[in-house]
Amino acid sequence: MTPRIIFAAALVTGVIFAEPALADRIFVSNEKDNTITVLDGQSLAITNTIKVGQRPRAILLSVDGKSLYICASDSDRIEVLDLTTLKIVRTLPSGPDPERFDTSPDGKLLYIANENDNKVSVLDIAAAKIVAETPVGIEPEGMAMSPDGKTVVDTSETTSMAHFIDTATNKVVANVLVDSRPRVATWSPDGRQVWVSSEVGGAVAVIDAATHSIVKKIKFDIPGLTSAQAQPVDIKITKDGKVAFVALGPANRVAVIDTKSFEVQKYILVGQRVWNMAFSPDQKRLFTANGVSNDITVIDVADEKATKSVPVGRSPWGVAVAP
């Protein structure tokens, strides 16, 4: 029923009919299958499997919500999936071995971590052209744009640093030493802090964005597991800035952290080798990609409980949710 017909029916009968809401769609990149799995956000049924380039890793929604960007790491390119047709409609240059990326707030630029040449590439999406490169540490991976678009943070795994890059000049303005093998950087919603996970170091460093000083290091103590098993990777912070969720890799758990006290409140058991995560648009659910058990786990954010795990492809790595 079209909106006009619904409105006319309401005038005649006095009853307003609500149009059925469209469910979210969940997208998961599968490293070993070279595919993107698409799931219905309501039923969690797989609705499509899309062949993409080699070793797809990070995936990211475009600012306008019309496309999904895919790091095809071993193909050395970015692929653009049209979310209406579910077809790859463009391939973009990326530099060698793109692993993670983030967009400028206006959606015109992609900032890409190129693991094999120790640089951050800046891609003009419309022109399909690399317009700047910033040398950083060895094996760059994490990439996070500040809420105001003025600073992008890259993490370099081997150098064990977070690099703060001025987006106006594409120059590094600060290098912050963190623990071993930093994987992900995440900004707090107010732009005052950057949270950096160190996988081998087993810690999350909370960095003051203004002073570039570490204000807190968060460690993980899980009953029944060794400290070496708690390897933080992805970090997601709620829109209100009150709670951080940290994926702990081979610990098969997600830590729930109070961002004011920096205390771990609980650990949520999920699938094996939890890598990356994504909120649903309403932030009522959090989805985790579990690289060894080949599934995703659904977490109820309010209850802080895992509710279901759903099989996807082999070695799921990245996850994104589109309304």
# chains A, B, ... in the order shown; residues from 1 in each chain; ligands from 1
>>> residues_around(residues="Arg285 (chain A)", least_positions_apart="2", cutoff="6 Å", atoms="only C-alpha atoms", output="list in words")
Phe279, Ser280, Gln283, Ile299, Asp300 and Val301 of chain A
>>> write_last_selection(atoms="N, CA, C and O atoms", output="PDB file, in the first residue's frame")
ATOM      1  N   PHE A 279      27.216  -2.255  16.013  1.00  0.00           N
ATOM      2  CA  PHE A 279      25.902  -2.028  16.598  1.00  0.00           C
ATOM      3  C   PHE A 279      24.833  -2.054  15.515  1.00  0.00           C
ATOM      4  O   PHE A 279      25.084  -1.687  14.355  1.00  0.00           O
ATOM      5  N   SER A 280      23.619  -2.416  15.888  1.00  0.00           N
ATOM      6  CA  SER A 280      22.461  -2.134  15.051  1.00  0.00           C
ATOM      7  C   SER A 280      22.252  -0.619  15.076  1.00  0.00           C
ATOM      8  O   SER A 280      22.721   0.071  15.988  1.00  0.00           O
ATOM      9  N   GLN A 283      21.186   0.709  18.247  1.00  0.00           N
ATOM     10  CA  GLN A 283      22.111   0.301  19.313  1.00  0.00           C
ATOM     11  C   GLN A 283      21.467  -0.602  20.367  1.00  0.00           C
ATOM     12  O   GLN A 283      21.965  -0.716  21.480  1.00  0.00           O
ATOM     13  N   ILE A 299      24.336  -9.786  20.673  1.00  0.00           N
ATOM     14  CA  ILE A 299      24.317  -9.378  22.075  1.00  0.00           C
ATOM     15  C   ILE A 299      23.196  -8.366  22.281  1.00  0.00           C
ATOM     16  O   ILE A 299      23.083  -7.389  21.526  1.00  0.00           O
ATOM     17  N   ASP A 300      22.363  -8.603  23.285  1.00  0.00           N
ATOM     18  CA  ASP A 300      21.364  -7.625  23.709  1.00  0.00           C
ATOM     19  C   ASP A 300      22.094  -6.573  24.539  1.00  0.00           C
ATOM     20  O   ASP A 300      22.634  -6.872  25.606  1.00  0.00           O
ATOM     21  N   VAL A 301      22.141  -5.335  24.036  1.00  0.00           N
ATOM     22  CA  VAL A 301      22.953  -4.294  24.671  1.00  0.00           C
ATOM     23  C   VAL A 301      22.420  -3.929  26.046  1.00  0.00           C
ATOM     24  O   VAL A 301      23.177  -3.778  27.006  1.00  0.00           O
TER      25      VAL A 301
END
>>> select_by_dssp(residues="region 19-259 of chain A", states="strand (DSSP E or B)", output="mmCIF file with C-alpha atoms, in the first residue's frame")
data_model
loop_
_atom_site.group_PDB
_atom_site.id
_atom_site.type_symbol
_atom_site.label_atom_id
_atom_site.label_comp_id
_atom_site.auth_asym_id
_atom_site.auth_seq_id
_atom_site.Cartn_x
_atom_site.Cartn_y
_atom_site.Cartn_z
ATOM 1 C CA ARG A 25 20.599 -5.934 7.091
ATOM 2 C CA ILE A 26 23.781 -7.394 8.551
ATOM 3 C CA PHE A 27 26.881 -7.698 6.356
ATOM 4 C CA VAL A 28 29.789 -9.981 7.298
ATOM 5 C CA SER A 29 33.137 -10.299 5.493
ATOM 6 C CA ASN A 30 34.498 -13.856 5.300
ATOM 7 C CA THR A 35 32.520 -13.450 0.280
ATOM 8 C CA ILE A 36 30.157 -11.087 2.043
ATOM 9 C CA THR A 37 27.283 -12.787 3.870
ATOM 10 C CA VAL A 38 24.049 -10.803 4.070
ATOM 11 C CA LEU A 39 21.573 -11.552 6.849
ATOM 12 C CA ASP A 40 18.092 -10.256 7.562
ATOM 13 C CA ILE A 46 21.046 -15.514 5.361
ATOM 14 C CA THR A 47 19.527 -13.745 2.373
ATOM 15 C CA ASN A 48 22.539 -13.459 0.082
ATOM 16 C CA THR A 49 26.168 -14.458 -0.347
ATOM 17 C CA ILE A 50 28.226 -12.119 -2.514
ATOM 18 C CA LYS A 51 31.558 -12.988 -4.128
ATOM 19 C CA PRO A 56 37.918 -9.276 2.514
ATOM 20 C CA ARG A 57 38.522 -7.693 5.899
ATOM 21 C CA ALA A 58 37.183 -4.331 7.081
ATOM 22 C CA ILE A 59 33.782 -3.286 5.751
ATOM 23 C CA LEU A 60 32.219 0.139 6.203
ATOM 24 C CA LEU A 61 28.947 1.832 5.300
ATOM 25 C CA SER A 67 27.092 1.674 -0.397
ATOM 26 C CA LEU A 68 29.288 -0.733 1.515
ATOM 27 C CA TYR A 69 33.048 -0.285 1.182
ATOM 28 C CA ILE A 70 35.100 -3.493 1.334
ATOM 29 C CA CYS A 71 38.829 -3.864 1.984
ATOM 30 C CA ALA A 72 39.821 -6.658 -0.414
ATOM 31 C CA ARG A 77 41.791 -2.610 -3.710
ATOM 32 C CA ILE A 78 38.591 -1.225 -2.232
ATOM 33 C CA GLU A 79 35.359 -2.596 -3.653
ATOM 34 C CA VAL A 80 32.060 -0.737 -3.572
ATOM 35 C CA LEU A 81 28.892 -2.763 -3.042
ATOM 36 C CA ASP A 82 25.640 -1.061 -4.058
ATOM 37 C CA LYS A 87 26.319 -5.801 -6.842
ATOM 38 C CA ILE A 88 29.927 -4.643 -6.848
ATOM 39 C CA VAL A 89 29.685 -1.459 -8.914
ATOM 40 C CA ARG A 90 33.162 0.061 -8.525
ATOM 41 C CA THR A 91 36.697 -0.864 -7.578
ATOM 42 C CA LEU A 92 38.928 1.810 -6.080
ATOM 43 C CA PRO A 93 42.696 2.054 -5.576
ATOM 44 C CA PRO A 98 44.339 -2.375 2.830
ATOM 45 C CA GLU A 99 43.158 -3.659 6.198
ATOM 46 C CA ARG A 100 41.017 -1.002 7.880
ATOM 47 C CA PHE A 101 39.692 2.396 6.867
ATOM 48 C CA ASP A 102 37.417 5.242 7.848
ATOM 49 C CA THR A 103 35.613 8.041 6.043
ATOM 50 C CA LEU A 109 37.431 10.720 1.428
ATOM 51 C CA LEU A 110 38.550 7.327 2.676
ATOM 52 C CA TYR A 111 41.556 7.043 4.990
ATOM 53 C CA ILE A 112 43.123 3.617 4.462
ATOM 54 C CA ALA A 113 45.735 1.720 6.481
ATOM 55 C CA ASN A 114 48.134 -0.001 4.057
ATOM 56 C CA LYS A 119 51.476 4.393 4.959
ATOM 57 C CA VAL A 120 48.002 5.833 5.357
ATOM 58 C CA SER A 121 46.454 6.502 1.941
ATOM 59 C CA VAL A 122 43.831 9.202 1.422
ATOM 60 C CA LEU A 123 41.393 8.264 -1.336
ATOM 61 C CA ASP A 124 39.145 10.715 -3.155
ATOM 62 C CA LYS A 129 42.325 8.600 -6.890
ATOM 63 C CA ILE A 130 44.829 8.492 -4.033
ATOM 64 C CA VAL A 131 45.376 12.179 -3.238
ATOM 65 C CA ALA A 132 47.784 11.917 -0.278
ATOM 66 C CA GLU A 133 49.945 9.437 1.604
ATOM 67 C CA THR A 134 51.187 9.726 5.176
ATOM 68 C CA PRO A 135 54.156 7.630 6.364
ATOM 69 C CA PRO A 140 49.463 0.111 10.152
ATOM 70 C CA GLU A 141 46.029 -1.286 10.860
ATOM 71 C CA GLY A 142 43.612 0.687 13.017
ATOM 72 C CA MET A 143 42.005 3.778 11.506
ATOM 73 C CA ALA A 144 39.564 6.108 13.242
ATOM 74 C CA MET A 145 38.249 9.534 12.257
ATOM 75 C CA THR A 151 42.131 14.215 13.163
ATOM 76 C CA VAL A 152 42.470 10.619 12.081
ATOM 77 C CA VAL A 153 44.254 8.076 14.269
ATOM 78 C CA ASP A 154 46.192 5.133 12.860
ATOM 79 C CA THR A 155 47.656 2.271 14.894
ATOM 80 C CA SER A 156 50.845 0.514 13.825
ATOM 81 C CA MET A 161 52.085 3.308 18.420
ATOM 82 C CA ALA A 162 48.963 5.345 17.817
ATOM 83 C CA HIS A 163 49.645 8.075 15.260
ATOM 84 C CA PHE A 164 47.535 11.258 15.338
ATOM 85 C CA ILE A 165 47.268 12.735 11.832
ATOM 86 C CA ASP A 166 46.036 16.262 11.060
ATOM 87 C CA LYS A 171 50.965 15.164 8.706
ATOM 88 C CA VAL A 172 51.531 13.178 11.902
ATOM 89 C CA VAL A 173 51.233 15.563 14.852
ATOM 90 C CA ALA A 174 51.734 13.056 17.686
ATOM 91 C CA ASN A 175 52.940 9.508 18.252
ATOM 92 C CA VAL A 176 51.714 7.731 21.376
ATOM 93 C CA LEU A 177 53.477 4.563 22.531
ATOM 94 C CA PRO A 182 47.746 -2.264 18.687
ATOM 95 C CA ARG A 183 44.855 -3.250 16.455
ATOM 96 C CA VAL A 184 41.961 -0.803 16.739
ATOM 97 C CA ALA A 185 41.446 2.862 17.603
ATOM 98 C CA THR A 186 38.014 4.184 18.575
ATOM 99 C CA TRP A 187 37.007 7.759 19.466
ATOM 100 C CA GLN A 193 39.371 10.324 24.130
ATOM 101 C CA VAL A 194 40.796 7.697 21.822
ATOM 102 C CA TRP A 195 40.631 4.076 22.986
ATOM 103 C CA VAL A 196 43.357 1.821 21.522
ATOM 104 C CA SER A 197 43.397 -1.974 21.871
ATOM 105 C CA SER A 198 46.745 -3.781 22.109
ATOM 106 C CA ALA A 203 45.354 -3.930 27.339
ATOM 107 C CA VAL A 204 43.291 -0.993 26.156
ATOM 108 C CA ALA A 205 44.928 2.431 26.406
ATOM 109 C CA VAL A 206 42.617 5.419 26.897
ATOM 110 C CA ILE A 207 44.329 8.462 25.376
ATOM 111 C CA ASP A 208 43.436 12.098 26.029
ATOM 112 C CA ILE A 214 47.474 7.987 28.304
ATOM 113 C CA VAL A 215 44.996 8.532 31.118
ATOM 114 C CA LYS A 216 44.211 4.873 31.794
ATOM 115 C CA LYS A 217 45.285 1.369 30.825
ATOM 116 C CA ILE A 218 42.569 -1.245 31.154
ATOM 117 C CA LYS A 219 43.594 -4.880 31.711
ATOM 118 C CA ILE A 235 36.162 -1.549 20.583
ATOM 119 C CA LYS A 236 32.652 -0.133 20.313
ATOM 120 C CA ILE A 237 31.327 2.676 22.536
ATOM 121 C CA VAL A 243 29.609 1.870 27.966
ATOM 122 C CA ALA A 244 32.452 0.366 25.946
ATOM 123 C CA PHE A 245 32.403 -3.151 24.541
ATOM 124 C CA VAL A 246 35.793 -4.763 23.832
ATOM 125 C CA ALA A 247 36.234 -7.942 21.779
ATOM 126 C CA GLY A 249 39.860 -12.510 20.630
ATOM 127 C CA ARG A 253 34.370 -12.978 25.280
ATOM 128 C CA VAL A 254 33.341 -9.355 25.018
ATOM 129 C CA ALA A 255 34.237 -7.147 27.970
ATOM 130 C CA VAL A 256 31.688 -4.570 29.154
ATOM 131 C CA ILE A 257 33.410 -1.453 30.543
ATOM 132 C CA ASP A 258 32.041 1.550 32.425
#
>>> atom_distance(atom1="CA of Asp64 (chain A)", atom2="CA of Ala320 (chain A)")
14.3 Å
>>> closest_residue(among="A:Gly271, A:Pro223, A:Pro250, A:Pro189", to="Thr238 (chain A)", atoms="only C-alpha atoms")
A:Pro189
>>> closest_residue(among="A:Gly95, A:Thr84, A:Ile138, A:Lys66", to="Gly107 (chain A)", atoms="only C-alpha atoms")
A:Lys66
>>> residues_around(residues="Ser315 (chain A)", least_positions_apart="3", cutoff="9 Å", atoms="only C-alpha atoms", output="MDAnalysis selection string")
chainID A and resid 29:33 289:295 312
>>> write_last_selection(atoms="N, CA and C atoms", output="mmCIF file, in the first residue's frame")
data_model
loop_
_atom_site.group_PDB
_atom_site.id
_atom_site.type_symbol
_atom_site.label_atom_id
_atom_site.label_comp_id
_atom_site.auth_asym_id
_atom_site.auth_seq_id
_atom_site.Cartn_x
_atom_site.Cartn_y
_atom_site.Cartn_z
ATOM 1 N N SER A 29 32.070 -9.930 6.430
ATOM 2 C CA SER A 29 33.137 -10.299 5.493
ATOM 3 C C SER A 29 33.784 -11.599 5.947
ATOM 4 N N ASN A 30 33.932 -12.535 5.005
ATOM 5 C CA ASN A 30 34.498 -13.856 5.300
ATOM 6 C C ASN A 30 35.847 -13.988 4.597
ATOM 7 N N GLU A 31 36.925 -13.960 5.388
ATOM 8 C CA GLU A 31 38.279 -13.938 4.826
ATOM 9 C C GLU A 31 38.580 -15.133 3.927
ATOM 10 N N LYS A 32 38.252 -16.325 4.374
ATOM 11 C CA LYS A 32 38.659 -17.521 3.635
ATOM 12 C C LYS A 32 37.738 -17.864 2.473
ATOM 13 N N ASP A 33 36.520 -17.337 2.466
ATOM 14 C CA ASP A 33 35.590 -17.624 1.378
ATOM 15 C C ASP A 33 35.598 -16.549 0.298
ATOM 16 N N ALA A 289 31.739 -10.716 15.039
ATOM 17 C CA ALA A 289 32.236 -11.672 14.048
ATOM 18 C C ALA A 289 33.245 -12.585 14.733
ATOM 19 N N ASN A 290 32.990 -13.888 14.688
ATOM 20 C CA ASN A 290 33.803 -14.864 15.415
ATOM 21 C C ASN A 290 34.586 -15.717 14.419
ATOM 22 N N GLY A 291 35.901 -15.456 14.321
ATOM 23 C CA GLY A 291 36.693 -15.972 13.221
ATOM 24 C C GLY A 291 36.965 -17.468 13.215
ATOM 25 N N VAL A 292 36.918 -18.122 14.370
ATOM 26 C CA VAL A 292 37.208 -19.557 14.409
ATOM 27 C C VAL A 292 35.934 -20.397 14.404
ATOM 28 N N SER A 293 34.899 -19.945 15.068
ATOM 29 C CA SER A 293 33.640 -20.703 15.071
ATOM 30 C C SER A 293 32.779 -20.403 13.846
ATOM 31 N N ASN A 294 33.241 -19.474 12.992
ATOM 32 C CA ASN A 294 32.571 -19.190 11.717
ATOM 33 C C ASN A 294 31.117 -18.767 11.901
ATOM 34 N N ASP A 295 30.895 -17.876 12.862
ATOM 35 C CA ASP A 295 29.541 -17.400 13.102
ATOM 36 C C ASP A 295 29.568 -15.970 13.619
ATOM 37 N N VAL A 312 27.909 -18.211 9.529
ATOM 38 C CA VAL A 312 28.069 -17.419 8.300
ATOM 39 C C VAL A 312 29.116 -18.129 7.431
#
>>> atom_distance(atom1="CA of Arg314 (chain A)", atom2="CA of Val298 (chain A)")
17.8 Å
>>> atom_distance(atom1="CA of Leu248 (chain A)", atom2="CA of Pro96 (chain A)")
27.5 Å
>>> closest_residue(among="A:Gln229, A:Thr297, A:Ser261, A:Ser94", to="Met277 (chain A)", atoms="only C-alpha atoms")
A:Thr297
